[in-house]
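Undergrad: My structure is in upload00.cif, and what it holds is mmCIF, N, CA and C atoms:
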data_protein
loop_
_atom_site.label_atom_id
_atom_site.label_comp_id
_atom_site.auth_asym_id
_atom_site.auth_seq_id
_atom_site.Cartn_x
_atom_site.Cartn_y
_atom_site.Cartn_z
N MET A 1 -9.71 -6.46 6.62
CA MET A 1 -8.73 -5.97 7.62
C MET A 1 -8.73 -4.44 7.61
N VAL A 2 -8.69 -3.86 8.78
CA VAL A 2 -8.62 -2.40 8.87
C VAL A 2 -7.39 -2.06 9.71
N GLU A 3 -6.31 -1.77 9.02
CA GLU A 3 -5.07 -1.45 9.74
C GLU A 3 -4.56 -0.06 9.38
N LEU A 4 -4.56 0.25 8.10
CA LEU A 4 -4.02 1.54 7.66
C LEU A 4 -5.03 2.64 7.93
N PRO A 5 -4.60 3.73 8.56
CA PRO A 5 -5.53 4.83 8.85
C PRO A 5 -5.96 5.56 7.58
N LEU A 6 -7.26 5.78 7.48
CA LEU A 6 -7.84 6.47 6.33
C LEU A 6 -7.21 7.86 6.15
N ALA A 7 -6.97 8.56 7.26
CA ALA A 7 -6.42 9.92 7.17
C ALA A 7 -5.03 9.92 6.52
N ALA A 8 -4.25 8.89 6.80
CA ALA A 8 -2.90 8.81 6.23
C ALA A 8 -2.98 8.57 4.72
N VAL A 9 -3.90 7.71 4.30
CA VAL A 9 -4.05 7.42 2.87
C VAL A 9 -4.61 8.65 2.15
N ASP A 10 -5.52 9.34 2.81
CA ASP A 10 -6.05 10.59 2.26
C ASP A 10 -4.91 11.59 2.02
N ARG A 11 -3.99 11.71 2.97
CA ARG A 11 -2.85 12.63 2.79
C ARG A 11 -1.95 12.20 1.63
N ILE A 12 -1.74 10.90 1.48
CA ILE A 12 -0.93 10.41 0.36
C ILE A 12 -1.55 10.85 -0.97
N ILE A 13 -2.87 10.67 -1.09
CA ILE A 13 -3.54 11.02 -2.35
C ILE A 13 -3.41 12.52 -2.60
N ARG A 14 -3.67 13.32 -1.55
CA ARG A 14 -3.63 14.77 -1.76
C ARG A 14 -2.22 15.27 -2.04
N LYS A 15 -1.22 14.68 -1.37
CA LYS A 15 0.17 15.09 -1.65
C LYS A 15 0.57 14.71 -3.07
N ALA A 16 0.11 13.53 -3.51
CA ALA A 16 0.53 13.05 -4.84
C ALA A 16 -0.17 13.81 -5.96
N THR A 17 -1.36 14.32 -5.70
CA THR A 17 -2.16 14.87 -6.81
C THR A 17 -2.50 16.35 -6.65
N GLY A 18 -2.60 16.83 -5.42
CA GLY A 18 -3.00 18.22 -5.21
C GLY A 18 -4.46 18.50 -5.46
N ILE A 19 -5.26 17.46 -5.74
CA ILE A 19 -6.69 17.74 -5.93
C ILE A 19 -7.52 17.06 -4.84
N ARG A 20 -8.83 17.33 -4.85
CA ARG A 20 -9.69 16.82 -3.79
C ARG A 20 -9.94 15.32 -3.93
N VAL A 21 -10.29 14.71 -2.81
CA VAL A 21 -10.46 13.26 -2.76
C VAL A 21 -11.74 12.97 -1.99
N SER A 22 -12.60 12.13 -2.54
CA SER A 22 -13.79 11.73 -1.78
C SER A 22 -13.38 10.74 -0.70
N GLU A 23 -14.19 10.64 0.35
CA GLU A 23 -13.87 9.70 1.42
C GLU A 23 -13.88 8.27 0.88
N GLU A 24 -14.81 8.00 -0.03
CA GLU A 24 -14.89 6.65 -0.61
C GLU A 24 -13.62 6.33 -1.40
N ALA A 25 -13.04 7.34 -2.04
CA ALA A 25 -11.80 7.12 -2.79
C ALA A 25 -10.67 6.74 -1.84
N ALA A 26 -10.59 7.45 -0.71
CA ALA A 26 -9.54 7.12 0.27
C ALA A 26 -9.76 5.71 0.82
N LYS A 27 -11.03 5.35 1.04
CA LYS A 27 -11.31 3.99 1.52
C LYS A 27 -10.91 2.94 0.49
N ALA A 28 -11.23 3.23 -0.78
CA ALA A 28 -10.89 2.27 -1.84
C ALA A 28 -9.39 2.06 -1.94
N LEU A 29 -8.62 3.16 -1.81
CA LEU A 29 -7.16 3.01 -1.89
C LEU A 29 -6.62 2.32 -0.64
N THR A 30 -7.22 2.59 0.51
CA THR A 30 -6.80 1.91 1.74
C THR A 30 -6.97 0.40 1.59
N ASP A 31 -8.14 -0.01 1.12
CA ASP A 31 -8.39 -1.45 0.92
C ASP A 31 -7.38 -2.04 -0.04
N TYR A 32 -7.12 -1.32 -1.12
CA TYR A 32 -6.18 -1.82 -2.13
C TYR A 32 -4.78 -1.98 -1.54
N LEU A 33 -4.32 -0.96 -0.79
CA LEU A 33 -2.97 -1.01 -0.24
C LEU A 33 -2.84 -2.13 0.79
N GLU A 34 -3.90 -2.37 1.56
CA GLU A 34 -3.84 -3.47 2.52
C GLU A 34 -3.75 -4.81 1.79
N GLU A 35 -4.49 -4.92 0.70
CA GLU A 35 -4.45 -6.16 -0.08
C GLU A 35 -3.05 -6.38 -0.68
N VAL A 36 -2.49 -5.31 -1.25
CA VAL A 36 -1.13 -5.40 -1.80
C VAL A 36 -0.15 -5.77 -0.68
N GLY A 37 -0.31 -5.13 0.46
CA GLY A 37 0.58 -5.41 1.59
C GLY A 37 0.52 -6.86 2.03
N MET A 38 -0.68 -7.43 2.06
CA MET A 38 -0.82 -8.83 2.45
C MET A 38 -0.21 -9.76 1.40
N ASN A 39 -0.43 -9.46 0.15
CA ASN A 39 0.13 -10.31 -0.91
C ASN A 39 1.66 -10.28 -0.90
N VAL A 40 2.22 -9.08 -0.76
CA VAL A 40 3.69 -8.96 -0.70
C VAL A 40 4.22 -9.70 0.53
N SER A 41 3.52 -9.57 1.65
CA SER A 41 3.96 -10.23 2.89
C SER A 41 4.00 -11.74 2.74
N ARG A 42 2.94 -12.28 2.13
CA ARG A 42 2.89 -13.74 1.97
C ARG A 42 4.03 -14.23 1.09
N GLU A 43 4.29 -13.48 0.02
CA GLU A 43 5.38 -13.88 -0.86
C GLU A 43 6.73 -13.75 -0.13
N ALA A 44 6.90 -12.68 0.64
CA ALA A 44 8.14 -12.48 1.40
C ALA A 44 8.35 -13.60 2.41
N SER A 45 7.25 -14.09 3.00
CA SER A 45 7.40 -15.17 4.00
C SER A 45 7.86 -16.46 3.35
N VAL A 46 7.47 -16.68 2.10
CA VAL A 46 7.96 -17.87 1.36
C VAL A 46 9.48 -17.76 1.17
N TYR A 47 9.95 -16.56 0.84
CA TYR A 47 11.40 -16.36 0.64
C TYR A 47 12.15 -16.53 1.96
N ALA A 48 11.58 -16.05 3.06
CA ALA A 48 12.23 -16.21 4.37
C ALA A 48 12.36 -17.69 4.73
N LYS A 49 11.26 -18.43 4.54
CA LYS A 49 11.31 -19.86 4.86
C LYS A 49 12.28 -20.59 3.95
N HIS A 50 12.31 -20.19 2.69
CA HIS A 50 13.24 -20.80 1.73
C HIS A 50 14.68 -20.61 2.17
N ALA A 51 14.96 -19.51 2.86
CA ALA A 51 16.31 -19.21 3.35
C ALA A 51 16.50 -19.73 4.77
N ASN A 52 15.60 -20.61 5.21
CA ASN A 52 15.68 -21.20 6.55
C ASN A 52 15.66 -20.17 7.67
N ARG A 53 14.93 -19.09 7.44
CA ARG A 53 14.77 -18.10 8.50
C ARG A 53 13.35 -18.11 9.02
N LYS A 54 13.20 -17.66 10.28
CA LYS A 54 11.87 -17.56 10.87
C LYS A 54 11.43 -16.12 11.01
N THR A 55 12.22 -15.22 10.45
CA THR A 55 11.90 -13.79 10.50
C THR A 55 11.96 -13.22 9.08
N ILE A 56 10.96 -12.46 8.72
CA ILE A 56 10.96 -11.79 7.41
C ILE A 56 11.89 -10.58 7.49
N THR A 57 12.82 -10.47 6.55
CA THR A 57 13.74 -9.33 6.53
C THR A 57 13.39 -8.38 5.40
N ASP A 58 14.07 -7.24 5.39
CA ASP A 58 13.83 -6.27 4.32
C ASP A 58 14.23 -6.84 2.95
N ALA A 59 15.23 -7.75 2.94
CA ALA A 59 15.62 -8.37 1.67
C ALA A 59 14.47 -9.21 1.10
N ASP A 60 13.74 -9.88 1.98
CA ASP A 60 12.58 -10.67 1.52
C ASP A 60 11.51 -9.75 0.91
N ILE A 61 11.27 -8.63 1.57
CA ILE A 61 10.27 -7.68 1.05
C ILE A 61 10.73 -7.12 -0.30
N ARG A 62 12.01 -6.78 -0.38
CA ARG A 62 12.50 -6.22 -1.65
C ARG A 62 12.40 -7.22 -2.78
N LEU A 63 12.71 -8.49 -2.47
CA LEU A 63 12.60 -9.52 -3.50
C LEU A 63 11.14 -9.67 -3.95
N ALA A 64 10.24 -9.59 -2.99
CA ALA A 64 8.81 -9.76 -3.29
C ALA A 64 8.22 -8.58 -4.06
N THR A 65 8.88 -7.44 -4.00
CA THR A 65 8.33 -6.25 -4.66
C THR A 65 9.11 -5.89 -5.92
N LYS A 66 10.06 -6.75 -6.29
CA LYS A 66 10.97 -6.40 -7.39
C LYS A 66 10.30 -6.48 -8.76
N LYS A 67 9.28 -7.32 -8.88
CA LYS A 67 8.70 -7.56 -10.21
C LYS A 67 7.95 -6.35 -10.76
N MET B 1 8.35 10.26 1.74
CA MET B 1 7.12 10.58 2.47
C MET B 1 6.93 9.60 3.62
N VAL B 2 6.51 10.10 4.76
CA VAL B 2 6.24 9.23 5.89
C VAL B 2 4.81 9.48 6.33
N GLU B 3 3.91 8.68 5.83
CA GLU B 3 2.50 8.85 6.17
C GLU B 3 1.94 7.61 6.86
N LEU B 4 2.23 6.44 6.31
CA LEU B 4 1.66 5.21 6.87
C LEU B 4 2.43 4.82 8.13
N PRO B 5 1.72 4.54 9.22
CA PRO B 5 2.41 4.17 10.46
C PRO B 5 3.05 2.78 10.35
N LEU B 6 4.32 2.72 10.77
CA LEU B 6 5.08 1.47 10.74
C LEU B 6 4.35 0.36 11.49
N ALA B 7 3.75 0.69 12.63
CA ALA B 7 3.08 -0.33 13.46
C ALA B 7 1.92 -0.97 12.70
N ALA B 8 1.22 -0.17 11.90
CA ALA B 8 0.09 -0.72 11.15
C ALA B 8 0.59 -1.69 10.08
N VAL B 9 1.67 -1.32 9.41
CA VAL B 9 2.22 -2.19 8.36
C VAL B 9 2.79 -3.46 8.99
N ASP B 10 3.42 -3.31 10.15
CA ASP B 10 3.93 -4.48 10.88
C ASP B 10 2.78 -5.45 11.18
N ARG B 11 1.63 -4.92 11.59
CA ARG B 11 0.48 -5.80 11.89
C ARG B 11 -0.03 -6.49 10.63
N ILE B 12 -0.03 -5.78 9.51
CA ILE B 12 -0.47 -6.41 8.26
C ILE B 12 0.42 -7.61 7.94
N ILE B 13 1.73 -7.41 8.07
CA ILE B 13 2.65 -8.51 7.74
C ILE B 13 2.42 -9.69 8.69
N ARG B 14 2.29 -9.40 9.99
CA ARG B 14 2.14 -10.51 10.94
C ARG B 14 0.81 -11.22 10.78
N LYS B 15 -0.25 -10.45 10.48
CA LYS B 15 -1.55 -11.10 10.26
C LYS B 15 -1.53 -11.96 9.01
N ALA B 16 -0.83 -11.48 7.98
CA ALA B 16 -0.82 -12.21 6.70
C ALA B 16 0.04 -13.45 6.76
N THR B 17 1.07 -13.43 7.61
CA THR B 17 2.05 -14.53 7.56
C THR B 17 2.15 -15.33 8.85
N GLY B 18 1.87 -14.72 9.98
CA GLY B 18 2.04 -15.42 11.26
C GLY B 18 3.47 -15.62 11.70
N ILE B 19 4.44 -15.05 10.95
CA ILE B 19 5.82 -15.19 11.41
C ILE B 19 6.41 -13.83 11.78
N ARG B 20 7.63 -13.86 12.34
CA ARG B 20 8.23 -12.63 12.82
C ARG B 20 8.69 -11.73 11.67
N VAL B 21 8.81 -10.44 11.98
CA VAL B 21 9.13 -9.44 10.97
C VAL B 21 10.19 -8.51 11.54
N SER B 22 11.26 -8.26 10.80
CA SER B 22 12.25 -7.29 11.27
C SER B 22 11.69 -5.88 11.08
N GLU B 23 12.22 -4.94 11.87
CA GLU B 23 11.74 -3.57 11.74
C GLU B 23 12.06 -3.03 10.35
N GLU B 24 13.22 -3.43 9.81
CA GLU B 24 13.61 -2.98 8.47
C GLU B 24 12.64 -3.51 7.41
N ALA B 25 12.12 -4.73 7.64
CA ALA B 25 11.15 -5.29 6.69
C ALA B 25 9.87 -4.46 6.70
N ALA B 26 9.41 -4.10 7.89
CA ALA B 26 8.20 -3.28 7.98
C ALA B 26 8.43 -1.92 7.32
N LYS B 27 9.64 -1.36 7.51
CA LYS B 27 9.96 -0.07 6.86
C LYS B 27 9.96 -0.22 5.34
N ALA B 28 10.56 -1.32 4.85
CA ALA B 28 10.63 -1.54 3.40
C ALA B 28 9.23 -1.65 2.80
N LEU B 29 8.34 -2.36 3.51
CA LEU B 29 6.98 -2.51 2.97
C LEU B 29 6.22 -1.18 3.07
N THR B 30 6.46 -0.43 4.13
CA THR B 30 5.82 0.88 4.26
C THR B 30 6.20 1.79 3.09
N ASP B 31 7.50 1.84 2.79
CA ASP B 31 7.97 2.66 1.66
C ASP B 31 7.31 2.20 0.36
N TYR B 32 7.25 0.89 0.19
CA TYR B 32 6.68 0.36 -1.06
C TYR B 32 5.20 0.72 -1.18
N LEU B 33 4.46 0.56 -0.08
CA LEU B 33 3.01 0.85 -0.13
C LEU B 33 2.76 2.33 -0.39
N GLU B 34 3.62 3.20 0.18
CA GLU B 34 3.44 4.64 -0.07
C GLU B 34 3.70 4.95 -1.54
N GLU B 35 4.70 4.28 -2.11
CA GLU B 35 5.02 4.49 -3.52
C GLU B 35 3.86 4.02 -4.40
N VAL B 36 3.33 2.83 -4.09
CA VAL B 36 2.18 2.31 -4.84
C VAL B 36 1.01 3.27 -4.70
N GLY B 37 0.78 3.75 -3.49
CA GLY B 37 -0.33 4.66 -3.23
C GLY B 37 -0.21 5.94 -4.04
N MET B 38 1.01 6.47 -4.15
CA MET B 38 1.20 7.69 -4.91
C MET B 38 1.00 7.45 -6.40
N ASN B 39 1.50 6.33 -6.90
CA ASN B 39 1.34 6.03 -8.33
C ASN B 39 -0.13 5.82 -8.69
N VAL B 40 -0.85 5.08 -7.85
CA VAL B 40 -2.28 4.87 -8.10
C VAL B 40 -3.01 6.22 -8.06
N SER B 41 -2.65 7.06 -7.10
CA SER B 41 -3.31 8.36 -6.95
C SER B 41 -3.13 9.23 -8.18
N ARG B 42 -1.90 9.25 -8.68
CA ARG B 42 -1.62 10.09 -9.86
C ARG B 42 -2.43 9.60 -11.06
N GLU B 43 -2.49 8.27 -11.21
CA GLU B 43 -3.26 7.73 -12.32
C GLU B 43 -4.75 8.05 -12.13
N ALA B 44 -5.25 7.92 -10.90
CA ALA B 44 -6.66 8.21 -10.62
C ALA B 44 -6.98 9.67 -10.90
N SER B 45 -6.02 10.57 -10.63
CA SER B 45 -6.29 11.99 -10.86
C SER B 45 -6.41 12.28 -12.36
N VAL B 46 -5.68 11.53 -13.16
CA VAL B 46 -5.82 11.68 -14.62
C VAL B 46 -7.23 11.29 -15.06
N TYR B 47 -7.75 10.21 -14.48
CA TYR B 47 -9.10 9.76 -14.83
C TYR B 47 -10.15 10.77 -14.35
N ALA B 48 -9.94 11.35 -13.18
CA ALA B 48 -10.88 12.35 -12.66
C ALA B 48 -10.92 13.57 -13.59
N LYS B 49 -9.72 14.04 -13.98
CA LYS B 49 -9.66 15.21 -14.86
C LYS B 49 -10.28 14.88 -16.22
N HIS B 50 -10.03 13.68 -16.70
CA HIS B 50 -10.59 13.24 -17.98
C HIS B 50 -12.12 13.27 -17.94
N ALA B 51 -12.70 13.04 -16.78
CA ALA B 51 -14.15 13.05 -16.61
C ALA B 51 -14.65 14.44 -16.19
N ASN B 52 -13.78 15.45 -16.32
CA ASN B 52 -14.13 16.83 -15.97
C ASN B 52 -14.52 16.99 -14.51
N ARG B 53 -13.92 16.20 -13.65
CA ARG B 53 -14.16 16.37 -12.22
C ARG B 53 -12.92 16.94 -11.54
N LYS B 54 -13.15 17.61 -10.39
CA LYS B 54 -12.04 18.16 -9.62
C LYS B 54 -11.84 17.37 -8.33
N THR B 55 -12.58 16.27 -8.21
CA THR B 55 -12.46 15.41 -7.03
C THR B 55 -12.22 13.97 -7.48
N ILE B 56 -11.26 13.33 -6.88
CA ILE B 56 -11.00 11.91 -7.17
C ILE B 56 -12.06 11.08 -6.45
N THR B 57 -12.72 10.19 -7.18
CA THR B 57 -13.74 9.32 -6.58
C THR B 57 -13.22 7.89 -6.48
N ASP B 58 -14.01 7.05 -5.80
CA ASP B 58 -13.61 5.65 -5.67
C ASP B 58 -13.59 4.96 -7.04
N ALA B 59 -14.43 5.42 -7.96
CA ALA B 59 -14.41 4.82 -9.31
C ALA B 59 -13.06 5.08 -9.99
N ASP B 60 -12.48 6.27 -9.77
CA ASP B 60 -11.16 6.57 -10.34
C ASP B 60 -10.10 5.65 -9.75
N ILE B 61 -10.19 5.44 -8.44
CA ILE B 61 -9.21 4.55 -7.78
C ILE B 61 -9.36 3.14 -8.30
N ARG B 62 -10.62 2.69 -8.43
CA ARG B 62 -10.82 1.32 -8.90
C ARG B 62 -10.31 1.14 -10.32
N LEU B 63 -10.52 2.16 -11.16
CA LEU B 63 -10.03 2.06 -12.53
C LEU B 63 -8.49 2.01 -12.54
N ALA B 64 -7.88 2.78 -11.65
CA ALA B 64 -6.41 2.83 -11.61
C ALA B 64 -5.79 1.56 -11.03
N THR B 65 -6.57 0.78 -10.30
CA THR B 65 -6.02 -0.44 -9.67
C THR B 65 -6.50 -1.70 -10.37
N LYS B 66 -7.19 -1.53 -11.49
CA LYS B 66 -7.80 -2.69 -12.13
C LYS B 66 -6.80 -3.58 -12.86
N LYS B 67 -5.67 -3.00 -13.24
CA LYS B 67 -4.72 -3.78 -14.07
C LYS B 67 -4.02 -4.89 -13.29
#
So, in terms of structure tokens, how does the structure I just supplied come out?

TA:
Amino acid sequence: MVELPLAAVDRIIRKATGIRVSEEAAKALTDYLEEVGMNVSREASVYAKHANRKTITDADIRLATKK
Amino acid sequence: MVELPLAAVDRIIRKATGIRVSEEAAKALTDYLEEVGMNVSREASVYAKHANRKTITDADIRLATKK
């Protein structure tokens, strides 16, 4: 999946560290963040369904990211 | 920090789950992913410096996300 813009992830790395970043590094972090995002989303959807809702809310996301 | 576009994170959630997502849920996941991205970046920069490099590479990112 290609959803998160590479330039945005590149800025996150540079803001967090202040040092240079290879393009491959930004790509690797983009892939990782998309994977984390999908895993959190799937878990959040289980919590939404468990609460008899058809919409994922911020509470579902927070529960899924609490661990 | 506001770097990752909300619309992109919204698409990740909908692609991963196929159900509806509140705007607050997309915001919550965006915040979380930016936080994860910053933490991974900081750890990767430690590995880059440890290897006497001034540029973060994909190998640093992979090492930081391996756990």

Undergrad: Take the point (11.5, -0.6, 15.3) as written in the file and pick out every residue within 12 Å of it, counting only C-alpha atoms; give the list as a PDB file with N, CA and C atoms, in the frame of the given file.

TA:
ATOM      1  N   PRO B   5       1.720   4.540   9.220  1.00  0.00           N
ATOM      2  CA  PRO B   5       2.410   4.170  10.460  1.00  0.00           C
ATOM      3  C   PRO B   5       3.050   2.780  10.350  1.00  0.00           C
ATOM      4  N   LEU B   6       4.320   2.720  10.770  1.00  0.00           N
ATOM      5  CA  LEU B   6       5.080   1.470  10.740  1.00  0.00           C
ATOM      6  C   LEU B   6       4.350   0.360  11.490  1.00  0.00           C
ATOM      7  N   ALA B   7       3.750   0.690  12.630  1.00  0.00           N
ATOM      8  CA  ALA B   7       3.080  -0.330  13.460  1.00  0.00           C
ATOM      9  C   ALA B   7       1.920  -0.970  12.700  1.00  0.00           C
ATOM     10  N   VAL B   9       1.670  -1.320   9.410  1.00  0.00           N
ATOM     11  CA  VAL B   9       2.220  -2.190   8.360  1.00  0.00           C
ATOM     12  C   VAL B   9       2.790  -3.460   8.990  1.00  0.00           C
ATOM     13  N   ASP B  10       3.420  -3.310  10.150  1.00  0.00           N
ATOM     14  CA  ASP B  10       3.930  -4.480  10.880  1.00  0.00           C
ATOM     15  C   ASP B  10       2.780  -5.450  11.180  1.00  0.00           C
ATOM     16  N   VAL B  21       8.810 -10.440  11.980  1.00  0.00           N
ATOM     17  CA  VAL B  21       9.130  -9.440  10.970  1.00  0.00           C
ATOM     18  C   VAL B  21      10.190  -8.510  11.540  1.00  0.00           C
ATOM     19  N   SER B  22      11.260  -8.260  10.800  1.00  0.00           N
ATOM     20  CA  SER B  22      12.250  -7.290  11.270  1.00  0.00           C
ATOM     21  C   SER B  22      11.690  -5.880  11.080  1.00  0.00           C
ATOM     22  N   GLU B  23      12.220  -4.940  11.870  1.00  0.00           N
ATOM     23  CA  GLU B  23      11.740  -3.570  11.740  1.00  0.00           C
ATOM     24  C   GLU B  23      12.060  -3.030  10.350  1.00  0.00           C
ATOM     25  N   GLU B  24      13.220  -3.430   9.810  1.00  0.00           N
ATOM     26  CA  GLU B  24      13.610  -2.980   8.470  1.00  0.00           C
ATOM     27  C   GLU B  24      12.640  -3.510   7.410  1.00  0.00           C
ATOM     28  N   ALA B  25      12.120  -4.730   7.640  1.00  0.00           N
ATOM     29  CA  ALA B  25      11.150  -5.290   6.690  1.00  0.00           C
ATOM     30  C   ALA B  25       9.870  -4.460   6.700  1.00  0.00           C
ATOM     31  N   ALA B  26       9.410  -4.100   7.890  1.00  0.00           N
ATOM     32  CA  ALA B  26       8.200  -3.280   7.980  1.00  0.00           C
ATOM     33  C   ALA B  26       8.430  -1.920   7.320  1.00  0.00           C
ATOM     34  N   LYS B  27       9.640  -1.360   7.510  1.00  0.00           N
ATOM     35  CA  LYS B  27       9.960  -0.070   6.860  1.00  0.00           C
ATOM     36  C   LYS B  27       9.960  -0.220   5.340  1.00  0.00           C
ATOM     37  N   ALA B  28      10.560  -1.320   4.850  1.00  0.00           N
ATOM     38  CA  ALA B  28      10.630  -1.540   3.400  1.00  0.00           C
ATOM     39  C   ALA B  28       9.230  -1.650   2.800  1.00  0.00           C
TER      40      ALA B  28
END

Undergrad: Could you name the residues that touch stretch 50-59 of chain A at 12 Å or less, counting only C-alpha atoms, but leaving out those on the same chain fewer than 4 positions away, as an MDAnalysis selection string?

TA: (chainID A and resid 40:46 63:66) or (chainID B and resid 10 13:14 16:32)

Undergrad: Selected by the PyMOL selection byres (((chain A and resi 34 and name CA) around 9) and name CA) in the shown coordinates: which residues, as a list of chain:residue names?

TA: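 Evaluating the PyMOL selection byres (((chain A and resi 34 and name CA) around 9) and name CA) on this file yields A:Met1, A:Val2, A:Glu3, A:Leu4, A:Leu29, A:Thr30, A:Asp31, A:Tyr32, A:Leu33, A:Glu35, A:Val36, A:Gly37, A:Met38, A:Asn39, B:Val9, B:Ile12, B:Leu33.
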
Undergrad: Please, what distance in Å, to one decimal, runs between atom C of B:Ala8 and atom C of A:Lys49?

TA: 23.1 Å

Undergrad: Show me, as JSON, the centre and edge lengths in Å to one decimal of the axis-aligned box that covers every listed atom of stretch 19-23 of chain B with 8 Å on each side.

TA:
{"center_x": 8.3, "center_y": -9.1, "center_z": 11.6, "size_x": 23.8, "size_y": 28.2, "size_z": 18.5}

Undergrad: Measure the distance from atom C of A:Tyr47 to atom N of A:Arg62 in Å and round it to one decimal.

TA: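 Calculated distance between atom C of A:Tyr47 and atom N of A:Arg62 is 10.0 Å.
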
Undergrad: When you draw a straight line from atom N of B:Ala48 to atom CA of B:Asp60, how long is it in Å?

TA: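 Spanning atom N of B:Ala48 to atom CA of B:Asp60 is a straight-line distance of 5.7 Å.
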
Undergrad: Give the strand (DSSP E) residues of chain A, as DSSP finds them on the backbone, and put them as a count of residues only.

TA: 4
